[in-house]
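Peer 1: Submitted below is the structure of interest, expressed as structure tokens.
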Amino acid sequence: MAAVVIMDHPLIQHKIGIMRRKDTSTKEFRDLVSEVAMLICYEATRNLPLKDVEIETPLTKTVVKEIEGKKLCIAPILRAGLHMADGILNLIPNAKVGHIGLYRNEETLEPVEYFCKLPSDAAKREIFVVDPMLATGGSAVAAIDLLKKRGISKIHFLCLIAAPEGVERLQNAHPDVNIFIGNLDERLNDLGYILPGLGDAGDRIYGTK
Ligand SMILES: O=P(O)(O)OC[C@H]1O[C@H](OP(=O)(O)OP(=O)(O)O)[C@H](O)[C@@H]1O
Ligand SMILES: O=c1cc[nH]c(=O)[nH]1
Ligand SMILES: [Mg+2]
């Protein structure tokens, strides 16, 4: 079974606390999505392979470590994952980006796929799937199913807030995927929203409600 890492860093807890407030503005919310994504990415990339590269400092030749950035891919689940991807690209600017379009049918809560565009060499890359919310887990499981069908095997999932129900579903469906979570919340409500949660992440990022 892969790792489930729940972030306890004070910066992450503080920033998610601001995101949860109902009066936090769209702009502030959007900025925080990207900042918290960067902080979670810091932990999620802890075991990335490094290679030795010979360089010259102003004084001498030496060997330094480099991340093989060209071998990474960030895969946001649309819409809400897009802003997490923007934050992570600040840290890993050489990563490619694959977009996965899924929305949750509000009645059945099942994910509906409407778009998928991945780098042509995605199967050779380590993939970081990002979405702020892991609720029932349906969207995350469907996104990862879709990646695996395309031959992708090294997959991590990063979210800001998760419900225990979603973590369990994702772990059962994809026990090989590492899961990095900003805050683990209490439960889902009858409409499939995370409690206490922060509401609908996509609507809060884009001001669509
Ligand atoms: O774990 P689940 O029960 O599948 O729910 C989580 C999904 O719901 C939200 O997306 P939404 O369907 O609202 O689409 P949006 O990002 O376009 O608003 C969220 O960003 C996840 O993708
Ligand atoms: O609480 C939730 C559940 C699903 N999607 C969201 O954006 N928020
Ligand atoms: Mg939404």
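Ligands are numbered from 1 in the order shown, chains are lettered A, B, ... in the order of the structure tokens, and residues start at 1 in each chain.
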Counting only C-alpha atoms and all ligand atoms, what are the residues, protein, DNA or RNA alike, that approach ligand 1 to within 9 Å? I want them as an MDAnalysis selection string.

Peer 2: chainID A and resid 77:82 101:106 109:112 131:142 162:163 165:166 192:194 200:206 208

Peer 1: Would you mind listing what lies within 9 Å of range 145-157 of chain A as number ranges by chain, with only C-alpha atoms counted and same-chain residues fewer than 6 positions away left out?

Peer 2: A: 44, 100, 116, 118, 122-131, 173-174, 176-181

Peer 1: Please, which residues of range 39-186 of chain A, numbered as in this document, come out strand (DSSP E) from DSSP, as an MDAnalysis selection string?

Peer 2: chainID A and resid 50:56 61:67 72:78 96:97 99:104 111:117 126:130 133:134 155:162 178:184

Peer 1: Go ahead and write the selection's residues with C-alpha atoms as a short mmCIF file (atom, residue, chain, number, x, y, z; two decimals), in the first residue's frame.

Peer 2:
```cif
data_model
loop_
_atom_site.label_atom_id
_atom_site.label_comp_id
_atom_site.auth_asym_id
_atom_site.auth_seq_id
_atom_site.Cartn_x
_atom_site.Cartn_y
_atom_site.Cartn_z
CA LEU A 50 18.16 13.34 -8.58
CA LYS A 51 20.93 13.13 -11.11
CA ASP A 52 24.52 14.35 -10.88
CA VAL A 53 25.45 17.21 -13.18
CA GLU A 54 28.91 18.69 -13.55
CA ILE A 55 28.95 22.50 -13.46
CA GLU A 56 31.45 25.31 -12.93
CA LYS A 61 34.28 22.60 -11.28
CA THR A 62 31.90 20.62 -9.09
CA VAL A 63 29.05 18.15 -9.27
CA VAL A 64 25.57 19.28 -8.24
CA LYS A 65 22.24 17.48 -7.97
CA GLU A 66 19.43 18.14 -10.42
CA ILE A 67 15.83 17.01 -10.52
CA LEU A 72 7.44 15.07 -14.53
CA CYS A 73 3.86 15.90 -15.38
CA ILE A 74 1.20 17.76 -13.41
CA ALA A 75 -2.34 16.60 -14.18
CA PRO A 76 -5.03 18.97 -12.87
CA ILE A 77 -8.61 17.74 -12.71
CA LEU A 78 -10.66 20.59 -14.23
CA LYS A 96 4.53 19.26 -18.51
CA VAL A 97 0.82 19.61 -17.84
CA HIS A 99 -5.52 18.32 -18.38
CA ILE A 100 -8.26 15.98 -17.21
CA GLY A 101 -11.79 17.33 -17.62
CA LEU A 102 -14.26 15.76 -15.18
CA TYR A 103 -17.26 17.12 -13.37
CA ARG A 104 -19.42 15.50 -10.78
CA PRO A 111 -17.87 11.78 -12.44
CA VAL A 112 -18.50 12.68 -16.09
CA GLU A 113 -15.47 12.92 -18.39
CA TYR A 114 -15.44 15.75 -20.95
CA PHE A 115 -11.79 16.36 -21.83
CA CYS A 116 -8.38 14.72 -21.66
CA LYS A 117 -5.16 16.03 -23.15
CA GLU A 126 5.90 10.62 -13.00
CA ILE A 127 2.45 12.18 -12.70
CA PHE A 128 1.05 14.43 -9.96
CA VAL A 129 -2.75 14.49 -10.20
CA VAL A 130 -4.10 17.59 -8.44
CA MET A 133 -11.27 18.32 -3.06
CA LEU A 134 -11.38 14.55 -2.51
CA ILE A 155 1.06 8.39 -9.99
CA HIS A 156 0.63 10.65 -6.94
CA PHE A 157 -2.58 12.41 -5.90
CA LEU A 158 -2.52 15.81 -4.14
CA CYS A 159 -5.54 17.54 -2.60
CA LEU A 160 -6.17 20.35 -0.15
CA ILE A 161 -9.10 18.77 1.71
CA ALA A 162 -10.23 15.14 1.85
CA ASN A 178 0.53 8.03 -2.88
CA ILE A 179 -2.05 10.46 -1.47
CA PHE A 180 -1.03 13.86 -0.06
CA ILE A 181 -3.74 15.71 1.87
CA GLY A 182 -3.73 19.25 3.29
CA ASN A 183 -6.48 18.64 5.89
CA LEU A 184 -8.49 15.47 6.54
#
```

Peer 1: Report the distance between CA of Glu168 in chain A and CA of Met19 in chain A in Å, rounded to one decimal place.

Peer 2: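 Between these atoms lies a distance of 24.4 Å.
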
Peer 1: From range 1-208 of chain A, collect each residue whose DSSP state is alpha helix (DSSP H) and return the set as a ChimeraX atom specification.

Peer 2: /A:10-20,26-44,81-91,138-149,164-173,201-206

Peer 1: Just to confirm, what's the straight-line distance from CA of Leu91 in chain A to CA of Ser25 in chain A in Å (one decimal)?

Peer 2: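 A separation of 25.0 Å between them.
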
Peer 1: Between A:Gln13, A:Asn172, A:Leu188, A:Lys209, which one has atoms that come closest to ligand 2, using only C-alpha atoms and all ligand atoms?

Peer 2: A:Leu188
